>>> print(open('protein_25.cif').read())   # mmCIF, C-alpha atoms
data_upload
loop_
_atom_site.label_atom_id
_atom_site.label_comp_id
_atom_site.auth_asym_id
_atom_site.auth_seq_id
_atom_site.Cartn_x
_atom_site.Cartn_y
_atom_site.Cartn_z
CA MET A 1 76.73 88.43 124.74
CA THR A 2 76.66 85.93 121.91
CA THR A 3 78.00 86.91 118.49
CA HIS A 4 74.43 87.08 117.18
CA GLU A 5 73.39 89.39 120.03
CA ILE A 6 76.40 91.63 119.40
CA LEU A 7 75.46 91.93 115.73
CA LYS A 8 71.85 92.76 116.57
CA SER A 9 72.93 95.47 119.02
CA ALA A 10 75.32 96.94 116.41
CA ARG A 11 72.48 97.03 113.89
CA ALA A 12 70.24 98.72 116.47
CA ALA A 13 72.93 101.34 117.22
CA TRP A 14 73.61 102.19 113.58
CA PRO A 15 70.73 104.71 113.10
CA ALA A 16 72.35 107.00 115.68
CA LEU A 17 75.49 107.11 113.54
CA ARG A 18 73.52 107.61 110.33
CA ALA A 19 71.98 110.70 111.92
CA ALA A 20 75.37 112.07 113.01
CA ASP A 21 76.96 114.77 110.87
CA THR A 22 80.65 114.99 110.03
CA GLU A 23 81.39 117.23 113.01
CA LYS A 24 79.88 114.70 115.42
CA LYS A 25 81.77 111.79 113.86
CA ASN A 26 85.05 113.70 114.04
CA ALA A 27 84.41 114.62 117.66
CA ALA A 28 83.84 110.94 118.42
CA LEU A 29 87.06 109.95 116.67
CA ASN A 30 89.12 112.52 118.53
CA ALA A 31 87.56 111.43 121.81
CA MET A 32 88.44 107.82 120.95
CA ALA A 33 92.04 108.83 120.29
CA ASP A 34 92.21 110.70 123.60
CA ALA A 35 90.77 107.69 125.41
CA LEU A 36 93.51 105.42 124.03
CA ILE A 37 96.15 107.68 125.55
CA ALA A 38 94.24 108.10 128.82
CA ARG A 39 93.90 104.33 129.21
CA GLN A 40 97.39 103.52 128.01
CA ASP A 41 98.43 101.80 131.25
CA GLU A 42 95.39 99.49 131.15
CA ILE A 43 96.04 98.62 127.51
CA LEU A 44 99.72 97.89 128.12
CA ALA A 45 98.86 95.70 131.12
CA ALA A 46 96.39 93.72 129.01
CA ASN A 47 98.98 93.39 126.25
CA ALA A 48 101.54 92.08 128.75
CA VAL A 49 99.13 89.25 129.58
CA ASP A 50 98.80 88.39 125.89
CA MET A 51 102.57 88.56 125.35
CA ALA A 52 103.25 86.26 128.31
CA ALA A 53 100.72 83.70 127.05
CA ALA A 54 102.14 83.81 123.51
CA GLN A 55 105.79 83.28 124.49
CA GLY A 56 107.03 80.00 123.05
CA HIS A 57 103.92 79.54 120.93
CA ILE A 58 104.49 82.05 118.11
CA SER A 59 107.65 83.27 116.35
CA GLU A 60 109.67 86.29 117.43
CA VAL A 61 108.47 88.12 114.34
CA MET A 62 104.84 87.46 115.25
CA LEU A 63 105.51 88.45 118.86
CA ASP A 64 106.66 91.80 117.53
CA ARG A 65 103.32 92.18 115.73
CA LEU A 66 101.51 91.44 118.99
CA LYS A 67 103.55 93.74 121.22
CA LEU A 68 102.27 97.17 122.19
CA THR A 69 104.38 100.02 123.53
CA ALA A 70 103.60 103.57 124.55
CA ALA A 71 104.92 104.71 121.18
CA ARG A 72 102.70 102.25 119.29
CA ILE A 73 99.62 103.31 121.24
CA SER A 74 100.49 106.93 120.48
CA GLY A 75 100.73 105.94 116.82
CA MET A 76 97.31 104.27 117.00
CA ALA A 77 95.81 107.44 118.47
CA GLN A 78 97.47 109.54 115.81
CA GLY A 79 96.05 107.24 113.14
CA ILE A 80 92.55 107.86 114.47
CA ARG A 81 93.12 111.62 114.45
CA GLU A 82 94.33 111.43 110.86
CA VAL A 83 91.11 109.65 109.90
CA ALA A 84 89.13 112.41 111.61
CA ALA A 85 90.98 114.96 109.47
CA LEU A 86 90.08 113.20 106.21
CA PRO A 87 87.08 114.31 104.10
CA ASP A 88 83.85 112.56 105.00
CA PRO A 89 82.90 110.23 102.13
CA VAL A 90 79.26 109.85 103.19
CA GLY A 91 76.93 112.06 101.18
CA ALA A 92 79.46 112.85 98.47
CA VAL A 93 77.97 112.99 94.97
CA ILE A 94 80.03 110.67 92.79
CA SER A 95 78.32 111.60 89.52
CA ARG A 96 75.42 113.76 88.32
CA VAL A 97 73.47 113.45 85.09
CA GLU A 98 70.59 115.60 83.88
CA ARG A 99 68.38 113.69 81.45
CA PRO A 100 66.49 115.25 78.50
CA ASN A 101 63.21 114.79 80.39
CA GLY A 102 64.48 116.98 83.24
CA LEU A 103 65.32 114.19 85.71
CA VAL A 104 68.51 114.80 87.71
CA ILE A 105 70.20 111.53 88.63
CA GLU A 106 72.90 111.64 91.29
CA ARG A 107 75.03 108.71 92.40
CA THR A 108 75.61 109.41 96.09
CA ARG A 109 78.02 107.73 98.49
CA VAL A 110 76.33 106.11 101.53
CA ALA A 111 77.36 103.97 104.49
CA MET A 112 77.40 100.17 104.36
CA GLY A 113 75.64 99.60 107.69
CA VAL A 114 77.38 96.97 109.82
CA ILE A 115 80.92 95.99 108.88
CA ALA A 116 82.52 92.95 110.53
CA ILE A 117 86.28 92.37 110.54
CA ILE A 118 88.00 89.08 111.31
CA TYR A 119 91.68 89.59 112.03
CA GLU A 120 94.56 87.91 113.82
CA SER A 121 97.27 89.05 116.23
CA ARG A 122 97.81 92.76 115.49
CA PRO A 123 96.17 94.86 118.23
CA ASN A 124 96.53 98.09 116.25
CA VAL A 125 94.05 96.72 113.69
CA THR A 126 91.40 97.11 116.41
CA SER A 127 91.66 100.90 116.49
CA ASP A 128 92.39 101.31 112.77
CA ALA A 129 89.31 99.30 111.78
CA ALA A 130 87.05 101.04 114.28
CA ALA A 131 88.15 104.51 113.18
CA LEU A 132 87.76 103.90 109.47
CA THR A 133 84.41 102.15 109.86
CA LEU A 134 83.00 104.92 112.06
CA LYS A 135 84.12 107.73 109.72
CA ALA A 136 82.61 105.77 106.82
CA GLY A 137 79.30 105.81 108.71
CA SER A 138 79.05 102.16 109.74
CA ALA A 139 78.93 100.18 112.96
CA CYS A 140 81.95 97.95 113.53
CA VAL A 141 82.04 94.40 114.90
CA LEU A 142 85.55 93.08 115.49
CA ARG A 143 86.60 89.48 115.86
CA GLY A 144 90.28 89.30 116.78
CA GLY A 145 92.55 86.33 117.35
CA LYS A 146 92.89 84.69 120.74
CA GLU A 147 96.55 85.76 121.00
CA ALA A 148 95.54 89.43 121.16
CA PHE A 149 92.19 89.11 122.92
CA ASN A 150 93.02 90.93 126.15
CA SER A 151 94.73 93.74 124.25
CA ALA A 152 91.78 94.15 121.88
CA LEU A 153 89.31 94.09 124.79
CA ALA A 154 91.13 96.94 126.54
CA ILE A 155 91.40 98.93 123.30
CA VAL A 156 87.69 98.52 122.53
CA ALA A 157 86.77 99.60 126.07
CA ALA A 158 88.75 102.80 125.52
CA LEU A 159 87.16 103.42 122.12
CA GLN A 160 83.67 102.86 123.53
CA SER A 161 84.31 105.39 126.30
CA GLY A 162 85.22 107.93 123.62
CA LEU A 163 81.96 107.28 121.78
CA GLU A 164 79.92 107.70 124.95
CA GLN A 165 81.65 111.00 125.75
CA VAL A 166 80.08 112.57 122.64
CA GLY A 167 76.69 110.90 123.06
CA LEU A 168 77.01 108.05 120.55
CA PRO A 169 76.19 104.42 121.48
CA ALA A 170 79.10 102.29 122.66
CA GLU A 171 77.60 99.46 120.61
CA LEU A 172 78.88 101.10 117.42
CA VAL A 173 82.27 99.47 118.15
CA GLN A 174 82.18 95.96 119.62
CA LEU A 175 84.48 93.00 120.10
CA VAL A 176 83.27 89.42 119.71
CA ARG A 177 84.08 87.58 122.94
CA ASP A 178 84.14 84.09 121.43
CA THR A 179 87.56 83.40 119.86
CA THR A 180 86.69 79.90 118.63
CA ARG A 181 85.98 79.08 115.01
CA GLN A 182 82.27 79.17 115.76
CA SER A 183 82.24 82.97 116.08
CA ALA A 184 83.95 83.32 112.70
CA THR A 185 81.31 81.03 111.22
CA ASP A 186 78.59 83.10 112.89
CA LEU A 187 79.90 86.25 111.19
CA MET A 188 80.26 84.53 107.82
CA THR A 189 76.63 83.37 107.91
CA ALA A 190 74.96 86.43 109.50
CA VAL A 191 72.83 87.27 106.48
CA GLY A 192 70.81 90.42 107.16
CA LEU A 193 73.04 91.50 110.05
CA VAL A 194 76.44 91.90 108.35
CA ASP A 195 76.60 94.15 105.29
CA LEU A 196 80.31 93.59 104.63
CA LEU A 197 82.79 91.09 106.07
CA ILE A 198 86.52 91.78 105.81
CA PRO A 199 89.05 89.06 106.72
CA ARG A 200 92.50 90.43 107.52
CA GLY A 201 95.21 87.87 108.16
CA GLY A 202 97.00 84.85 106.77
CA ALA A 203 96.20 82.71 103.78
CA GLY A 204 94.23 80.16 105.82
CA LEU A 205 91.88 82.78 107.25
CA ILE A 206 91.33 84.45 103.88
CA ARG A 207 90.59 81.12 102.21
CA ALA A 208 88.17 80.04 104.96
CA VAL A 209 86.17 83.27 104.68
CA THR A 210 86.04 83.46 100.89
CA GLU A 211 85.01 79.79 100.61
CA ASN A 212 82.37 79.79 103.35
CA ALA A 213 80.93 83.31 103.69
CA LYS A 214 77.26 83.79 102.89
CA VAL A 215 77.54 87.56 103.46
CA PRO A 216 79.41 89.92 101.09
CA CYS A 217 83.16 89.82 101.76
CA ILE A 218 86.38 91.33 100.44
CA GLN A 219 89.50 89.23 100.01
CA THR A 220 92.48 90.92 101.62
CA GLY A 221 95.95 90.51 102.84
CA THR A 222 97.91 87.54 101.59
CA GLY A 223 101.04 88.97 100.01
CA ILE A 224 103.52 86.92 98.03
CA CYS A 225 105.26 90.08 96.86
CA HIS A 226 108.01 90.01 94.21
CA VAL A 227 110.98 92.22 93.34
CA TYR A 228 112.52 91.75 89.89
CA VAL A 229 116.06 93.02 89.30
CA ASP A 230 116.44 93.70 85.59
CA ALA A 231 119.60 93.57 83.46
CA ALA A 232 119.51 97.38 83.36
CA ALA A 233 119.07 97.82 87.10
CA ASP A 234 121.09 100.15 89.28
CA LEU A 235 122.42 97.39 91.56
CA ASP A 236 123.01 99.69 94.54
CA MET A 237 119.39 100.84 94.29
CA ALA A 238 118.25 97.24 93.97
CA LEU A 239 120.08 96.25 97.17
CA ASN A 240 118.51 99.11 99.10
CA ILE A 241 115.02 98.30 97.82
CA ILE A 242 115.34 94.58 98.55
CA ASP A 243 116.79 95.20 102.02
CA ASN A 244 113.88 97.48 102.85
CA ALA A 245 111.22 95.28 101.27
CA LYS A 246 112.44 92.15 103.08
CA THR A 247 113.86 93.23 106.43
CA SER A 248 112.19 96.48 107.55
CA ARG A 249 109.17 94.51 108.81
CA PRO A 250 109.05 90.97 107.45
CA SER A 251 105.79 90.04 109.21
CA VAL A 252 103.55 92.35 107.15
CA CYS A 253 101.75 91.57 103.92
CA ASN A 254 103.66 94.10 101.80
CA ALA A 255 107.05 92.57 102.64
CA GLU A 256 108.97 90.96 99.79
CA GLU A 257 108.87 87.16 99.69
CA VAL A 258 110.38 86.42 96.25
CA LEU A 259 113.35 87.91 94.41
CA LEU A 260 113.80 87.40 90.67
CA VAL A 261 117.14 88.36 89.10
CA HIS A 262 117.98 88.72 85.41
CA GLU A 263 120.54 86.14 84.34
CA ALA A 264 122.80 88.84 82.87
CA VAL A 265 123.47 90.40 86.31
CA ALA A 266 122.99 87.40 88.61
CA ALA A 267 126.69 86.55 88.93
CA ALA A 268 127.53 90.11 89.93
CA PHE A 269 124.47 90.80 92.04
CA LEU A 270 123.81 87.68 94.10
CA PRO A 271 127.11 87.72 96.04
CA ARG A 272 126.38 91.34 96.98
CA LEU A 273 122.87 90.35 98.02
CA ARG A 274 124.20 87.61 100.31
CA ALA A 275 126.79 89.96 101.78
CA ARG A 276 124.07 92.54 102.56
CA LEU A 277 121.21 90.34 103.80
CA VAL A 278 123.15 87.50 105.42
CA ASP A 279 126.72 88.37 106.41
CA ALA A 280 126.35 92.06 107.26
CA ARG A 281 123.19 91.47 109.29
CA ALA A 282 124.79 88.63 111.25
CA GLU A 283 127.81 90.84 112.03
CA LYS A 284 125.47 93.50 113.42
CA GLY A 285 123.62 90.97 115.58
CA LEU A 286 120.52 91.16 113.39
CA PRO A 287 118.61 88.11 112.14
CA PRO A 288 120.20 87.05 108.83
CA VAL A 289 117.89 86.38 105.91
CA GLU A 290 117.66 82.75 104.86
CA LEU A 291 118.03 82.64 101.07
CA ARG A 292 116.11 79.79 99.44
CA LEU A 293 117.70 79.45 96.03
CA ASP A 294 116.58 77.89 92.79
CA ALA A 295 119.09 75.64 91.02
CA ARG A 296 120.68 78.43 88.97
CA ALA A 297 121.06 80.79 91.92
CA ALA A 298 122.51 77.97 94.04
CA ARG A 299 125.38 77.63 91.57
CA ILE A 300 126.40 81.25 92.31
CA ILE A 301 126.01 81.64 96.10
CA PRO A 302 125.52 79.29 99.06
CA GLY A 303 122.06 79.06 100.62
CA THR A 304 119.14 76.71 101.19
CA PRO A 305 117.87 74.84 98.13
CA ALA A 306 114.37 76.09 97.32
CA GLY A 307 111.63 73.58 97.99
CA GLU A 308 108.61 72.85 95.88
CA ARG A 309 106.42 75.43 97.68
CA ASP A 310 108.96 78.15 98.44
CA PHE A 311 107.89 80.36 95.53
CA ASP A 312 104.25 80.04 96.65
CA THR A 313 104.73 80.80 100.35
CA GLU A 314 104.08 83.96 102.35
CA PHE A 315 106.93 83.47 104.84
CA LEU A 316 106.28 86.54 107.04
CA ASP A 317 109.81 85.96 108.33
CA TYR A 318 113.46 86.51 107.46
CA ILE A 319 113.25 84.14 104.48
CA LEU A 320 113.55 85.07 100.81
CA ALA A 321 113.00 82.81 97.80
CA VAL A 322 115.47 83.68 95.02
CA GLY A 323 115.20 82.73 91.35
CA ILE A 324 117.00 83.62 88.12
CA VAL A 325 115.01 84.52 85.01
CA GLY A 326 115.87 85.26 81.39
CA GLY A 327 114.27 88.70 81.23
CA VAL A 328 111.25 90.84 82.01
CA ASP A 329 108.81 88.62 80.11
CA GLU A 330 109.88 85.57 82.09
CA ALA A 331 109.65 87.58 85.33
CA VAL A 332 106.10 88.68 84.45
CA ALA A 333 105.14 85.07 83.64
CA HIS A 334 106.61 83.85 86.94
CA ILE A 335 104.67 86.50 88.86
CA ALA A 336 101.45 85.62 87.05
CA LYS A 337 101.89 82.01 88.14
CA HIS A 338 102.95 82.55 91.76
CA SER A 339 101.70 85.95 92.91
CA THR A 340 98.69 86.60 95.14
CA GLY A 341 97.99 89.87 93.30
CA HIS A 342 99.26 92.12 96.08
CA SER A 343 102.43 94.11 95.26
CA GLU A 344 105.27 93.61 92.76
CA ALA A 345 108.33 95.73 91.97
CA ILE A 346 110.86 96.09 89.17
CA VAL A 347 114.27 97.74 89.45
CA SER A 348 115.48 98.93 86.04
CA ARG A 349 116.73 101.95 84.10
CA ASP A 350 115.33 100.58 80.83
CA PRO A 351 112.08 102.35 79.87
CA ASP A 352 110.98 99.40 77.74
CA ALA A 353 111.46 96.96 80.61
CA LEU A 354 109.60 99.26 83.00
CA ARG A 355 106.73 99.60 80.53
CA ALA A 356 106.55 95.85 79.92
CA PHE A 357 106.46 95.15 83.66
CA GLU A 358 103.86 97.83 84.37
CA GLN A 359 101.56 96.59 81.63
CA GLY A 360 102.18 92.88 82.14
CA VAL A 361 101.83 92.54 85.92
CA ASP A 362 98.21 92.29 87.09
CA SER A 363 98.49 93.05 90.82
CA ALA A 364 96.87 95.65 93.06
CA ALA A 365 100.10 97.69 93.25
CA VAL A 366 102.98 97.75 90.77
CA TYR A 367 106.21 99.52 91.75
CA LEU A 368 108.82 100.93 89.41
CA ASN A 369 112.15 101.46 91.21
CA CYS A 370 110.74 101.57 94.75
CA SER A 371 109.93 99.22 97.62
CA THR A 372 106.77 97.15 97.95
CA ARG A 373 106.55 98.32 101.57
CA PHE A 374 104.64 101.42 100.44
CA THR A 375 101.42 99.45 99.89
CA ASP A 376 99.73 100.99 102.90
CA GLY A 377 96.80 103.30 103.43
CA GLY A 378 98.86 105.86 105.31
CA GLU A 379 101.61 105.90 102.68
CA PHE A 380 98.99 106.32 99.94
CA GLY A 381 97.39 109.26 101.77
CA LEU A 382 94.25 107.33 102.72
CA GLY A 383 94.78 107.37 106.50
CA CYS A 384 95.10 104.07 108.34
CA GLU A 385 93.75 101.35 106.09
CA MET A 386 91.31 98.49 106.64
CA GLY A 387 93.49 96.10 104.68
CA ILE A 388 94.89 95.48 101.22
CA SER A 389 92.31 94.11 98.81
CA THR A 390 93.79 91.61 96.35
CA GLN A 391 90.56 91.15 94.41
CA LYS A 392 89.20 93.27 91.58
CA LEU A 393 85.55 93.95 92.41
CA HIS A 394 84.48 96.96 94.49
CA ALA A 395 87.88 97.60 96.11
CA ARG A 396 91.50 96.95 95.12
CA GLY A 397 94.71 97.77 96.97
CA PRO A 398 94.72 99.74 100.26
CA MET A 399 91.15 100.10 101.52
CA GLY A 400 90.40 103.54 102.88
CA LEU A 401 87.17 105.36 103.60
CA GLU A 402 85.68 105.30 100.11
CA GLU A 403 86.16 101.54 99.84
CA LEU A 404 84.13 101.09 103.05
CA THR A 405 81.09 102.80 101.55
CA THR A 406 78.59 101.95 98.83
CA TYR A 407 76.31 104.24 96.85
CA LYS A 408 72.70 104.80 95.93
CA TYR A 409 71.00 106.73 93.16
CA VAL A 410 69.02 109.80 94.13
CA VAL A 411 66.69 110.84 91.31
CA ARG A 412 65.13 114.35 91.46
CA GLY A 413 62.13 115.20 89.33
CA ASP A 414 59.14 117.51 88.94
CA GLY A 415 56.28 115.16 88.22
CA GLN A 416 57.87 113.12 85.38
CA VAL A 417 56.28 109.76 84.60
CA ARG A 418 57.40 107.06 82.21
#
>>> encode(input="protein_25.cif", output="structure tokens")
Amino acid sequence: MTTHEILKSARAAWPALRAADTEKKNAALNAMADALIARQDEILAANAVDMAAAQGHISEVMLDRLKLTAARISGMAQGIREVAALPDPVGAVISRVERPNGLVIERTRVAMGVIAIIYESRPNVTSDAAALTLKAGSACVLRGGKEAFNSALAIVAALQSGLEQVGLPAELVQLVRDTTRQSATDLMTAVGLVDLLIPRGGAGLIRAVTENAKVPCIQTGTGICHVYVDAAADLDMALNIIDNAKTSRPSVCNAEEVLLVHEAVAAAFLPRLRARLVDARAEKGLPPVELRLDARAARIIPGTPAGERDFDTEFLDYILAVGIVGGVDEAVAHIAKHSTGHSEAIVSRDPDALRAFEQGVDSAAVYLNCSTRFTDGGEFGLGCEMGISTQKLHARGPMGLEELTTYKYVVRGDGQVR
């Protein structure tokens, strides 16, 4: 099927989902989760094909994003079950007003319709996106990257079998077969067929969609995340937070890419940072973090001199840009200039510094004495998320069920005329 035909069939299938109650949707989700486990061997075999084709073409970090294991498939199934356990947003009354003339005006949450997602090489996004979209009452059209195509195809086949088991159309969850740029363009220009387009991936993908889409879209994903270590920081805490934010999973959008250190503690802190992220990791056989240092930091510890773009790059790797600043105001100004509006953290015991950072930083998530790695739908209690919105309209931060719906006004009267 062409991309256009897939979209038309998703639109045709949507009324069956609109008519389904919460119990039916939850039954479908649980059946989809069961089908992932039942078809685990097929999914792993398909993933092995993708992994073999990707060897030598993408980094080890990106290979880890692509790889599926039995444990990861179990986690995907659990994510779907957690979505099933969440309250159904569709039909919820957001607000209710009774006017002097007796009219009752309710703002009621409703489904979008057909949601399309363009994403890259993370197979788990396939099941996360399908589960959230279905619970939010919409049909889902997925366009994955070529690196993960076989994996995504096997996952979607499992999800469709779950839908059919409870009597819902398989066409409610579909995968675009064309992995060329043309299919992405087709989704971006499918006015009347796509109600919401969500790009989830690197900066190039996000930019292409936001610049060219003729359908409504939400900007997600790109994360140049900062950690600022203040003069009043607990330096042991700072090391733990930075280690987690940078090395626990460097290929994800909530990983730290830039470290800013107050000049008053730089001389004491930076050698400890290098010992923790470079020397200790190398001794353990782990990938050391490459520290890309501004001129002031380079006078304190050895590392790679920071290039012109290093403070504006989402590395998604074991690389950390490091700069020294004069205080919280300078840190906030640096973040305003270089951040993508995703997640920023401060480590400090000074209430005034914490307050200045909280109020001054204009990003989707601001962390006070904790890691940026918590910017995640599951960690925020939203279930598996669709992505992290870095824009300000409609949705911001982790996108859960409510962010995948819209609303309409239902006005109840008894013969009133104007």
>>> residues_around(input="protein_25.cif", residues="Arg249 of chain A", least_positions_apart="5", cutoff="9 Å", atoms="all atoms listed in the file", output="PyMOL selection string")
chain A and resi 61+244+254-255+316-317+373
>>> closest_atom_pairs(input="protein_25.cif", of="segment 109-200 of chain A", to="segment 217-234 of chain A", cutoff="12 Å", atoms="only C-alpha atoms", output="tab-separated table")
residue	atom	partner	partner_atom	distance
A:Ile115	CA	A:Cys217	CA	9.7
A:Ala116	CA	A:Cys217	CA	9.3
A:Ile117	CA	A:Cys217	CA	9.7
A:Ile118	CA	A:Cys217	CA	10.7
A:Tyr119	CA	A:Gly221	CA	10.2
A:Glu120	CA	A:Gly221	CA	11.4
A:Leu187	CA	A:Cys217	CA	10.6
A:Met188	CA	A:Cys217	CA	8.6
A:Thr189	CA	A:Cys217	CA	11.0
A:Ala190	CA	A:Cys217	CA	11.8
A:Val191	CA	A:Cys217	CA	11.6
A:Val194	CA	A:Cys217	CA	9.6
A:Asp195	CA	A:Cys217	CA	8.6
A:Leu196	CA	A:Cys217	CA	5.5
A:Leu197	CA	A:Cys217	CA	4.5
A:Ile198	CA	A:Ile218	CA	5.4
A:Pro199	CA	A:Thr220	CA	6.4
A:Arg200	CA	A:Gly221	CA	5.8
>>> resolve_selection(input="protein_25.cif", expression="the PyMOL selection byres ((chain A and resi 361-370) around 8)", output="ChimeraX atom specification")
/A:237-238,241,332,335-336,340-348,354,357-360,371-372,375,389-391,396-397
>>> atom_distance(input="protein_25.cif", atom1="atom CA of Ala245 of chain A", atom2="atom CA of Gly377 of chain A")
16.6 Å
>>> resolve_selection(input="protein_25.cif", expression="the PyMOL selection byres ((chain A and resi 139) around 9)", output="list in words")
Ala10, Arg11, Ala13, Trp14, Leu17, Met112, Gly113, Val114, Ile115, Ala116, Ala130, Thr133, Leu134, Gly137, Ser138, Cys140, Val141, Glu171, Leu172, Val173 and Gln174 of chain A
>>> atom_distance(input="protein_25.cif", atom1="atom CA of Val261 of chain A", atom2="atom CA of Ala353 of chain A")
13.4 Å
>>> closest_residue(input="protein_25.cif", among="A:Asp236, A:Asp41, A:Glu379, A:Glu106", to="Ala158 of chain A", atoms="all atoms listed in the file")
A:Asp41
>>> closest_residue(input="protein_25.cif", among="A:Leu168, A:Ala111, A:Met62, A:Ala213", to="Phe315 of chain A", atoms="all atoms listed in the file")
A:Met62
>>> resolve_selection(input="protein_25.cif", expression="the PyMOL selection byres ((chain A and resi 270) around 12)", output="PDB file with C-alpha atoms, keeping the file's coordinate frame")
ATOM      1  CA  VAL A 229     116.060  93.020  89.300  1.00  0.00           C
ATOM      2  CA  LEU A 235     122.420  97.390  91.560  1.00  0.00           C
ATOM      3  CA  ALA A 238     118.250  97.240  93.970  1.00  0.00           C
ATOM      4  CA  LEU A 239     120.080  96.250  97.170  1.00  0.00           C
ATOM      5  CA  ILE A 242     115.340  94.580  98.550  1.00  0.00           C
ATOM      6  CA  LEU A 259     113.350  87.910  94.410  1.00  0.00           C
ATOM      7  CA  LEU A 260     113.800  87.400  90.670  1.00  0.00           C
ATOM      8  CA  VAL A 261     117.140  88.360  89.100  1.00  0.00           C
ATOM      9  CA  HIS A 262     117.980  88.720  85.410  1.00  0.00           C
ATOM     10  CA  GLU A 263     120.540  86.140  84.340  1.00  0.00           C
ATOM     11  CA  ALA A 264     122.800  88.840  82.870  1.00  0.00           C
ATOM     12  CA  VAL A 265     123.470  90.400  86.310  1.00  0.00           C
ATOM     13  CA  ALA A 266     122.990  87.400  88.610  1.00  0.00           C
ATOM     14  CA  ALA A 267     126.690  86.550  88.930  1.00  0.00           C
ATOM     15  CA  ALA A 268     127.530  90.110  89.930  1.00  0.00           C
ATOM     16  CA  PHE A 269     124.470  90.800  92.040  1.00  0.00           C
ATOM     17  CA  PRO A 271     127.110  87.720  96.040  1.00  0.00           C
ATOM     18  CA  ARG A 272     126.380  91.340  96.980  1.00  0.00           C
ATOM     19  CA  LEU A 273     122.870  90.350  98.020  1.00  0.00           C
ATOM     20  CA  ARG A 274     124.200  87.610 100.310  1.00  0.00           C
ATOM     21  CA  ALA A 275     126.790  89.960 101.780  1.00  0.00           C
ATOM     22  CA  ARG A 276     124.070  92.540 102.560  1.00  0.00           C
ATOM     23  CA  LEU A 277     121.210  90.340 103.800  1.00  0.00           C
ATOM     24  CA  VAL A 278     123.150  87.500 105.420  1.00  0.00           C
ATOM     25  CA  LEU A 291     118.030  82.640 101.070  1.00  0.00           C
ATOM     26  CA  LEU A 293     117.700  79.450  96.030  1.00  0.00           C
ATOM     27  CA  ARG A 296     120.680  78.430  88.970  1.00  0.00           C
ATOM     28  CA  ALA A 297     121.060  80.790  91.920  1.00  0.00           C
ATOM     29  CA  ALA A 298     122.510  77.970  94.040  1.00  0.00           C
ATOM     30  CA  ARG A 299     125.380  77.630  91.570  1.00  0.00           C
ATOM     31  CA  ILE A 300     126.400  81.250  92.310  1.00  0.00           C
ATOM     32  CA  ILE A 301     126.010  81.640  96.100  1.00  0.00           C
ATOM     33  CA  PRO A 302     125.520  79.290  99.060  1.00  0.00           C
ATOM     34  CA  GLY A 303     122.060  79.060 100.620  1.00  0.00           C
ATOM     35  CA  VAL A 322     115.470  83.680  95.020  1.00  0.00           C
ATOM     36  CA  GLY A 323     115.200  82.730  91.350  1.00  0.00           C
ATOM     37  CA  ILE A 324     117.000  83.620  88.120  1.00  0.00           C
TER      38      ILE A 324
END
>>> residues_around(input="protein_25.cif", residues="Ala154 of chain A", least_positions_apart="5", cutoff="12 Å", atoms="only C-alpha atoms", output="MDAnalysis selection string")
chainID A and resid 35:50 68 73 123:124 126:127 148:149 159:161 174:175
>>> atom_distance(input="protein_25.cif", atom1="atom CA of Arg181 of chain A", atom2="atom CA of Gly144 of chain A")
11.2 Å
>>> closest_residue(input="protein_25.cif", among="A:Glu147, A:Pro216, A:Lys8, A:Met1", to="Leu393 of chain A", atoms="all atoms listed in the file")
A:Pro216
>>> closest_residue(input="protein_25.cif", among="A:Gly201, A:Pro351, A:Gly75, A:Gly162", to="Ala27 of chain A", atoms="only C-alpha atoms")
A:Gly162
>>> closest_residue(input="protein_25.cif", among="A:Gln165, A:Asn30, A:Thr108, A:Thr247", to="Thr405 of chain A", atoms="all atoms listed in the file")
A:Thr108
>>> closest_residue(input="protein_25.cif", among="A:Leu193, A:Val252, A:Val325, A:Leu29", to="Asp376 of chain A", atoms="all atoms listed in the file")
A:Val252
